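The file upload_14.csv comes next; it holds CSV, C-alpha atoms and all ligand atoms.
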chain,number,residue,atom,x,y,z
Z,1,MET,CA,-4.8,26.4,-7.1
Z,2,ARG,CA,-7.3,25.2,-9.6
Z,3,LEU,CA,-8.7,22.0,-8.1
Z,4,VAL,CA,-11.5,19.6,-9.3
Z,5,LEU,CA,-13.2,17.2,-6.9
Z,6,LEU,CA,-14.6,14.1,-8.6
Z,7,GLY,CA,-16.6,11.3,-7.1
Z,8,PRO,CA,-20.0,9.6,-7.1
Z,9,PRO,CA,-23.0,11.2,-5.4
Z,10,GLY,CA,-22.6,11.3,-1.7
Z,11,ALA,CA,-18.8,10.6,-1.9
Z,12,GLY,CA,-18.1,13.7,0.3
Z,13,LYS,CA,-17.2,16.2,-2.4
Z,14,GLY,CA,-19.2,19.0,-0.8
Z,15,THR,CA,-17.9,18.2,2.7
Z,16,GLN,CA,-14.3,18.2,1.5
Z,17,ALA,CA,-14.7,21.3,-0.7
Z,18,ARG,CA,-15.9,23.2,2.4
Z,19,MET,CA,-13.0,22.1,4.5
Z,20,LEU,CA,-10.5,22.9,1.7
Z,21,ARG,CA,-12.1,26.3,1.1
Z,22,GLU,CA,-11.2,27.2,4.7
Z,23,LEU,CA,-7.7,25.8,4.4
Z,24,ALA,CA,-6.7,27.2,1.0
Z,25,GLY,CA,-8.7,30.5,1.1
Z,26,ILE,CA,-10.2,30.0,-2.3
Z,27,PRO,CA,-14.0,29.6,-3.2
Z,28,GLN,CA,-15.9,26.3,-3.6
Z,29,ILE,CA,-17.8,26.3,-6.8
Z,30,SER,CA,-20.5,23.7,-6.7
Z,31,SER,CA,-22.5,23.2,-9.9
Z,32,GLY,CA,-25.2,21.4,-7.8
Z,33,ASP,CA,-25.5,24.4,-5.4
Z,34,LEU,CA,-25.6,26.9,-8.4
Z,35,LEU,CA,-28.4,24.8,-10.0
Z,36,ARG,CA,-30.3,24.5,-6.7
Z,37,ALA,CA,-30.2,28.3,-6.3
Z,38,ALA,CA,-31.7,28.8,-9.8
Z,39,VAL,CA,-34.4,26.2,-8.9
Z,40,HIS,CA,-35.1,28.0,-5.7
Z,41,GLU,CA,-35.5,31.3,-7.5
Z,42,LYS,CA,-37.9,29.7,-10.0
Z,43,THR,CA,-36.2,31.3,-13.0
Z,44,PRO,CA,-37.1,29.7,-16.4
Z,45,PHE,CA,-33.6,28.2,-16.4
Z,46,GLY,CA,-34.2,26.8,-12.9
Z,47,LEU,CA,-37.5,25.3,-13.7
Z,48,GLU,CA,-36.0,23.5,-16.7
Z,49,ALA,CA,-33.0,22.3,-14.6
Z,50,ALA,CA,-35.3,21.0,-11.9
Z,51,SER,CA,-37.0,18.5,-14.2
Z,52,TYR,CA,-33.6,16.8,-14.8
Z,53,MET,CA,-32.4,17.0,-11.2
Z,54,ASP,CA,-35.5,15.5,-9.7
Z,55,ARG,CA,-35.0,12.4,-12.0
Z,56,GLY,CA,-31.3,12.2,-11.1
Z,57,GLU,CA,-30.2,13.0,-14.6
Z,58,LEU,CA,-27.6,15.4,-15.8
Z,59,VAL,CA,-28.8,18.9,-16.7
Z,60,PRO,CA,-28.1,19.7,-20.4
Z,61,ASP,CA,-24.6,21.2,-21.0
Z,62,ASP,CA,-25.8,24.5,-22.5
Z,63,LEU,CA,-27.5,25.4,-19.1
Z,64,VAL,CA,-24.6,24.3,-16.9
Z,65,LEU,CA,-21.7,25.7,-18.9
Z,66,ASN,CA,-23.1,29.2,-18.9
Z,67,LEU,CA,-23.5,29.1,-15.2
Z,68,ILE,CA,-20.0,27.8,-14.5
Z,69,ASP,CA,-18.4,30.2,-17.0
Z,70,THR,CA,-20.1,33.2,-15.3
Z,71,ARG,CA,-19.0,32.0,-11.8
Z,72,LEU,CA,-15.4,31.4,-12.9
Z,73,GLY,CA,-15.3,35.0,-14.1
Z,74,ALA,CA,-16.1,36.4,-10.6
Z,75,ALA,CA,-13.3,38.3,-8.8
Z,76,ASP,CA,-13.0,35.7,-6.0
Z,77,ALA,CA,-12.1,32.9,-8.4
Z,78,LYS,CA,-9.1,34.8,-9.9
Z,79,GLN,CA,-6.6,33.2,-7.4
Z,80,GLY,CA,-8.1,29.7,-7.8
Z,81,PHE,CA,-11.1,27.6,-7.0
Z,82,ILE,CA,-12.4,24.2,-5.9
Z,83,LEU,CA,-14.8,22.8,-8.4
Z,84,ASP,CA,-17.3,20.4,-6.8
Z,85,GLY,CA,-19.6,18.5,-9.2
Z,86,PHE,CA,-18.2,20.0,-12.4
Z,87,PRO,CA,-17.0,18.7,-14.9
Z,88,ARG,CA,-19.2,15.6,-15.0
Z,89,SER,CA,-18.4,14.4,-18.5
Z,90,VAL,CA,-15.5,14.5,-21.0
Z,91,ALA,CA,-17.4,17.1,-23.0
Z,92,GLN,CA,-17.7,19.3,-19.9
Z,93,ALA,CA,-14.0,18.8,-19.1
Z,94,GLU,CA,-13.1,20.0,-22.6
Z,95,ALA,CA,-15.4,23.0,-22.1
Z,96,LEU,CA,-13.7,23.8,-18.8
Z,97,ARG,CA,-10.3,23.6,-20.5
Z,98,ALA,CA,-11.5,26.1,-23.1
Z,99,MET,CA,-12.9,28.4,-20.4
Z,100,LEU,CA,-9.6,28.5,-18.4
Z,101,MET,CA,-7.5,28.9,-21.5
Z,102,LYS,CA,-9.7,31.8,-22.6
Z,103,ARG,CA,-9.3,33.6,-19.3
Z,104,ARG,CA,-5.7,33.1,-18.2
Z,105,GLY,CA,-4.1,30.5,-20.4
Z,106,LYS,CA,-4.1,28.2,-17.4
Z,107,SER,CA,-5.3,24.7,-16.8
Z,108,VAL,CA,-6.5,22.5,-13.9
Z,109,ASP,CA,-3.7,21.9,-11.4
Z,110,ARG,CA,-5.1,18.8,-9.8
Z,111,VAL,CA,-8.1,16.5,-9.8
Z,112,ILE,CA,-8.9,14.6,-6.7
Z,113,ALA,CA,-11.2,11.5,-7.1
Z,114,LEU,CA,-12.9,10.2,-4.0
Z,115,ASN,CA,-13.5,6.5,-4.0
Z,116,VAL,CA,-16.5,5.3,-1.8
Z,117,PRO,CA,-18.4,2.0,-2.2
Z,118,ASP,CA,-22.1,2.1,-3.3
Z,119,GLU,CA,-23.6,0.8,-0.1
Z,120,GLU,CA,-21.8,3.6,1.9
Z,121,ILE,CA,-23.1,6.2,-0.6
Z,122,VAL,CA,-26.7,5.1,-0.1
Z,123,ARG,CA,-26.1,5.3,3.7
Z,124,ARG,CA,-24.5,8.7,3.5
Z,125,ILE,CA,-27.2,10.2,1.2
Z,126,SER,CA,-30.2,8.9,3.1
Z,127,GLY,CA,-28.9,10.4,6.3
Z,128,ARG,CA,-27.9,13.8,4.8
Z,129,ARG,CA,-29.6,16.9,6.0
Z,130,THR,CA,-28.7,20.4,4.6
Z,131,CYS,CA,-29.3,23.8,6.1
Z,132,THR,CA,-31.8,25.9,4.1
Z,133,LYS,CA,-30.0,29.1,5.1
Z,134,CYS,CA,-26.2,28.6,5.1
Z,135,GLY,CA,-25.8,25.2,3.3
Z,136,ALA,CA,-24.0,23.5,6.2
Z,137,MET,CA,-24.3,19.7,6.0
Z,138,TYR,CA,-25.1,17.1,8.6
Z,139,HIS,CA,-25.6,13.3,8.8
Z,140,LEU,CA,-28.3,12.0,11.1
Z,141,VAL,CA,-26.0,9.2,12.4
Z,142,SER,CA,-22.4,10.2,11.8
Z,143,GLY,CA,-22.6,14.0,12.3
Z,144,PRO,CA,-26.0,15.0,13.7
Z,145,PRO,CA,-26.9,18.6,14.6
Z,146,ARG,CA,-27.1,19.4,18.4
Z,147,LYS,CA,-30.9,20.1,18.1
Z,148,PRO,CA,-32.8,17.9,15.6
Z,149,GLY,CA,-33.8,19.7,12.4
Z,150,VAL,CA,-31.9,22.9,13.3
Z,151,CYS,CA,-28.5,24.1,12.0
Z,152,ASP,CA,-25.8,24.4,14.7
Z,153,LYS,CA,-24.1,27.3,12.8
Z,154,CYS,CA,-27.0,29.7,11.9
Z,155,GLY,CA,-30.2,28.2,13.4
Z,156,GLY,CA,-31.6,27.5,9.9
Z,157,GLU,CA,-34.0,24.7,9.2
Z,158,LEU,CA,-32.5,21.4,7.9
Z,159,TYR,CA,-34.0,19.7,4.9
Z,160,LEU,CA,-33.7,16.4,2.9
Z,161,ARG,CA,-32.8,17.1,-0.8
Z,162,GLU,CA,-35.5,16.2,-3.3
Z,163,ASP,CA,-33.1,14.0,-5.3
Z,164,ASP,CA,-32.0,12.0,-2.3
Z,165,SER,CA,-34.6,9.2,-2.5
Z,166,GLU,CA,-33.1,5.7,-2.9
Z,167,THR,CA,-34.5,5.3,-6.4
Z,168,THR,CA,-33.1,8.6,-7.6
Z,169,VAL,CA,-29.7,7.9,-5.9
Z,170,ARG,CA,-29.5,4.6,-7.9
Z,171,THR,CA,-30.1,6.6,-11.1
Z,172,ARG,CA,-27.4,9.2,-10.1
Z,173,LEU,CA,-25.0,6.3,-9.5
Z,174,ASN,CA,-25.7,4.9,-13.0
Z,175,VAL,CA,-25.2,8.3,-14.5
Z,176,TYR,CA,-21.9,8.7,-12.7
Z,177,ASN,CA,-20.7,5.3,-13.9
Z,178,ALA,CA,-21.7,5.9,-17.5
Z,179,THR,CA,-20.8,9.5,-18.0
Z,180,THR,CA,-18.5,10.8,-15.2
Z,181,ARG,CA,-16.3,7.8,-14.5
Z,182,PRO,CA,-14.6,8.2,-18.0
Z,183,LEU,CA,-13.1,11.4,-16.6
Z,184,LEU,CA,-10.7,9.2,-14.5
Z,185,GLU,CA,-9.0,8.1,-17.6
Z,186,TYR,CA,-9.2,11.6,-19.2
Z,187,TYR,CA,-7.5,13.3,-16.2
Z,188,GLY,CA,-5.2,10.3,-15.6
Z,189,GLY,CA,-3.9,10.8,-19.1
Z,190,LEU,CA,-3.2,14.5,-18.3
Z,191,GLY,CA,-1.1,13.4,-15.3
Z,192,VAL,CA,-3.2,15.5,-12.8
Z,193,LEU,CA,-5.3,12.8,-11.2
Z,194,ARG,CA,-4.9,11.5,-7.6
Z,195,GLN,CA,-7.3,8.8,-6.4
Z,196,ILE,CA,-8.1,9.0,-2.7
Z,197,ASP,CA,-9.9,6.6,-0.3
Z,198,GLY,CA,-13.0,8.5,0.7
Z,199,MET,CA,-13.8,6.2,3.7
Z,200,GLY,CA,-13.2,7.2,7.3
Z,201,LYS,CA,-13.9,10.4,9.2
Z,202,PRO,CA,-14.1,13.6,7.1
Z,203,GLU,CA,-10.9,14.9,8.8
Z,204,GLU,CA,-9.1,11.7,7.8
Z,205,VAL,CA,-10.2,12.1,4.2
Z,206,ASP,CA,-9.2,15.7,4.3
Z,207,ALA,CA,-5.7,14.8,5.5
Z,208,ARG,CA,-5.3,12.4,2.5
Z,209,ILE,CA,-6.4,15.1,0.1
Z,210,VAL,CA,-4.1,17.7,1.7
Z,211,ALA,CA,-1.2,15.2,1.3
Z,212,ALA,CA,-2.1,14.8,-2.4
Z,213,LEU,CA,-2.0,18.6,-2.8
Z,214,ASP,CA,1.6,18.8,-1.7
Z,215,GLY,CA,3.2,21.8,-3.3
Z,216,LEU,CA,-0.1,23.4,-4.2
Z,217,ILE,CA,-1.3,24.7,-0.8
Z,218,PRO,CA,0.9,26.6,1.8
Z,219,LYS,CA,2.6,24.8,4.6
Z,220,THR,CA,0.4,26.8,7.1
Z,221,ALA,CA,-2.7,25.2,5.6
Z,222,ARG,CA,-1.2,21.7,6.0
Z,223,ALA,CA,-0.4,22.5,9.6
Z,224,LYS,CA,-4.0,23.7,10.2
Z,225,SER,CA,-5.3,20.4,8.7
Z,226,ALA,CA,-3.1,18.4,11.1
Z,227,ARG,CA,-4.3,20.5,14.1
Z,228,ALA,CA,-7.9,19.8,13.1
Z,229,ARG,CA,-7.1,16.1,13.4
Z,230,GLY,CA,-5.4,16.6,16.8
Z,231,ASN,CA,-1.9,15.8,15.5
F,301,LIG,P1,-24.7,17.7,-6.9
F,301,LIG,O1,-25.3,18.6,-6.0
F,301,LIG,O2,-23.4,17.9,-7.5
F,301,LIG,O3,-24.8,16.2,-6.3
F,301,LIG,P2,-23.8,14.9,-6.3
F,301,LIG,O4,-22.7,15.0,-7.2
F,301,LIG,O5,-24.8,13.8,-6.6
F,301,LIG,O6,-23.2,14.9,-5.0
F,301,LIG,P3,-23.8,15.1,-3.6
F,301,LIG,O7,-24.0,16.6,-3.3
F,301,LIG,O8,-25.1,14.3,-3.5
F,301,LIG,O9,-22.8,14.5,-2.6
F,301,LIG,P4,-21.3,14.9,-2.2
F,301,LIG,O10,-20.3,14.1,-2.9
F,301,LIG,O11,-21.1,16.4,-2.3
F,301,LIG,O12,-21.3,14.5,-0.7
F,301,LIG,P5,-21.6,15.3,0.6
F,301,LIG,O13,-20.4,16.0,1.0
F,301,LIG,O14,-22.9,16.1,0.5
F,301,LIG,O15,-25.7,17.4,-8.2
F,301,LIG,C1,-27.1,17.3,-8.0
F,301,LIG,C2,-27.7,17.2,-9.4
F,301,LIG,O16,-27.5,18.5,-10.1
F,301,LIG,C3,-27.2,16.2,-10.3
F,301,LIG,O17,-27.8,14.9,-10.2
F,301,LIG,C4,-27.6,16.8,-11.7
F,301,LIG,O18,-28.9,16.6,-12.0
F,301,LIG,C5,-27.3,18.3,-11.5
F,301,LIG,N1,-25.9,18.6,-11.8
F,301,LIG,C6,-24.9,19.1,-10.9
F,301,LIG,N2,-23.8,19.3,-11.5
F,301,LIG,C7,-24.0,19.1,-12.9
F,301,LIG,C8,-23.2,19.1,-14.0
F,301,LIG,N3,-21.9,19.5,-13.9
F,301,LIG,N4,-23.8,18.8,-15.2
F,301,LIG,C9,-25.0,18.4,-15.3
F,301,LIG,N5,-25.9,18.3,-14.2
F,301,LIG,C10,-25.4,18.7,-13.0
F,301,LIG,O19,-21.8,14.1,1.7
F,301,LIG,C11,-23.0,13.3,1.7
F,301,LIG,C12,-23.4,13.0,3.1
F,301,LIG,O20,-22.3,12.2,3.7
F,301,LIG,C13,-23.5,14.2,4.1
F,301,LIG,O21,-24.5,13.9,5.0
F,301,LIG,C14,-22.2,14.3,4.8
F,301,LIG,O22,-22.3,14.8,6.1
F,301,LIG,C15,-21.8,12.8,4.9
F,301,LIG,N6,-20.3,12.6,4.8
F,301,LIG,C16,-19.4,13.2,4.0
F,301,LIG,N7,-18.2,12.7,4.2
F,301,LIG,C17,-18.3,11.7,5.1
F,301,LIG,C18,-17.4,10.8,5.7
F,301,LIG,N8,-16.1,10.9,5.4
F,301,LIG,N9,-17.9,9.9,6.6
F,301,LIG,C19,-19.2,9.8,6.9
F,301,LIG,N10,-20.1,10.7,6.4
F,301,LIG,C20,-19.7,11.6,5.5
When written as structure tokens, how does the structure in this file appear?
Ligand code: AP5
Amino acid sequence: MRLVLLGPPGAGKGTQARMLRELAGIPQISSGDLLRAAVHEKTPFGLEAASYMDRGELVPDDLVLNLIDTRLGAADAKQGFILDGFPRSVAQAEALRAMLMKRRGKSVDRVIALNVPDEEIVRRISGRRTCTKCGAMYHLVSGPPRKPGVCDKCGGELYLREDDSETTVRTRLNVYNATTRPLLEYYGGLGVLRQIDGMGKPEEVDARIVAALDGLIPKTARAKSARARGN
């Protein structure tokens, strides 16, 4: 399954991609995580990307496309993938189409767009804490770690992302509305788009997504999703 998760910052793309990765057994490919790894390594590429990310602006296409093309070529992406945060513009969607055609003559199977109101986005992002070691995510109010500042899964330190200040989040929302939102029309026109209510508990959102993926993931995965919700 070749899946794209769309949605404004803080809509829950990363949270859902991680849940789906477990269910479907295919990798999550997050452009934001790939960029943050380059920033962390302080490569020339990472240093250039950081200046855009810190302002909440999109990193130029030539930097991002190369990163995604390389990642899509990895062995674990052969059976499918979950793209989280890419594409973010019609130009990137066209580039993705060309990358997939070049490799296997395939296209994106489904695009899930998560709808979440702006005030909930600000609430989610301001409370988000991420593990420096394993990338697990928490929310100070709705999903806190057992011990403050420490990851339940690996004991790593939790941090607040540099681009999660309220001013930068507002810029990211404006960028989403101006540049990424047109993808709803683009993928709607291709007949692969499903719009999902992103409100409610992560497990409830997951169940809506799994229902919208009917036919694309095995029945066993759907049963596992239902068990996680206690059904
Ligand atoms: P990126 O890392 O992709 O950030 P984003 O799209 O702004 O999305 P977020 O990671 O902030 O949120 P999310 O939707 O994944 O939500 P999450 O699951 O974490 O990009 C960062 C930057 O990199 C960009 O601004 C840009 O500069 C650059 N970049 C990235 N891709 C690019 C591209 N393709 N081209 C150019 N530049 C690019 O959830 C958020 C919080 O809410 C968490 O605390 C979580 O626990 C909580 N939560 C999740 N679901 C729920 C729920 N159902 N109920 C309650 N809380 C919830």
Just the residues within 9 Å of Pro202 in chain Z, please, counting all atoms listed in the file, with nothing from its chain fewer than 2 positions along; format it as a ChimeraX atom specification.
-> /Z:12,15-16,19,198-200,204-207
Skipping near chain neighbours, those fewer than 6 positions away, what residues fall within 9 Å of Thr132 in chain Z using only C-alpha atoms, listed as a count of residues only?
-> 5
Please, which residues have at least one atom within 7 Å of an atom of ligand LIG 301 (chain F), using all atoms listed in the file, listed as JSON, numbers by chain?
-> {"Z": [7, 8, 9, 10, 11, 12, 13, 14, 15, 16, 30, 31, 32, 33, 35, 52, 53, 56, 57, 58, 59, 60, 61, 64, 84, 85, 86, 87, 88, 124, 125, 127, 128, 129, 137, 138, 139, 142, 143, 172, 198, 199, 200, 201, 202, 205]}
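Comparing Z:Glu185, Z:Glu48, Z:Glu22, Z:Asp214 by their smallest distance to Asp62 in chain Z, the closest is Z:Glu48 (using only C-alpha atoms).
Remark: for Ala17 in chain Z, the closest of the candidate residues Z:Tyr187, Z:Val169, Z:Thr180, Z:Ile209 is Z:Ile209 (distances computed over all atoms listed in the file).
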As a check of understanding: the span from CA of Lys102 in chain Z to CA of Met1 in chain Z is 17.1 Å
Residues within 10 Å of (-6.9, 13.7, -5.6), counting all atoms listed in the file, listed as a count of residues only | 22
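The closest residue to Tyr176 in chain Z, picked from Z:Ser89, Z:Arg161, Z:Val116, Z:Ala223 and counting all atoms listed in the file, is Z:Ser89.
Note that the spacing between CA of Ile121 in chain Z and CA of Tyr186 in chain Z amounts to 23.8 Å.
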Residue neighbourhood Arg104 in chain Z, 12 Å, only C-alpha atoms, exclusion window fewer than 4 positions, as a PDB file with C-alpha atoms, keeping the file's coordinate frame:
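Output (result-v3.pdb):
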ATOM      1  CA  ARG Z   2      -7.300  25.200  -9.600  1.00  0.00           C
ATOM      2  CA  LEU Z  72     -15.400  31.400 -12.900  1.00  0.00           C
ATOM      3  CA  GLY Z  73     -15.300  35.000 -14.100  1.00  0.00           C
ATOM      4  CA  ALA Z  77     -12.100  32.900  -8.400  1.00  0.00           C
ATOM      5  CA  LYS Z  78      -9.100  34.800  -9.900  1.00  0.00           C
ATOM      6  CA  GLN Z  79      -6.600  33.200  -7.400  1.00  0.00           C
ATOM      7  CA  GLY Z  80      -8.100  29.700  -7.800  1.00  0.00           C
ATOM      8  CA  ARG Z  97     -10.300  23.600 -20.500  1.00  0.00           C
ATOM      9  CA  ALA Z  98     -11.500  26.100 -23.100  1.00  0.00           C
ATOM     10  CA  MET Z  99     -12.900  28.400 -20.400  1.00  0.00           C
ATOM     11  CA  LEU Z 100      -9.600  28.500 -18.400  1.00  0.00           C
ATOM     12  CA  VAL Z 108      -6.500  22.500 -13.900  1.00  0.00           C
TER      13      VAL Z 108
END
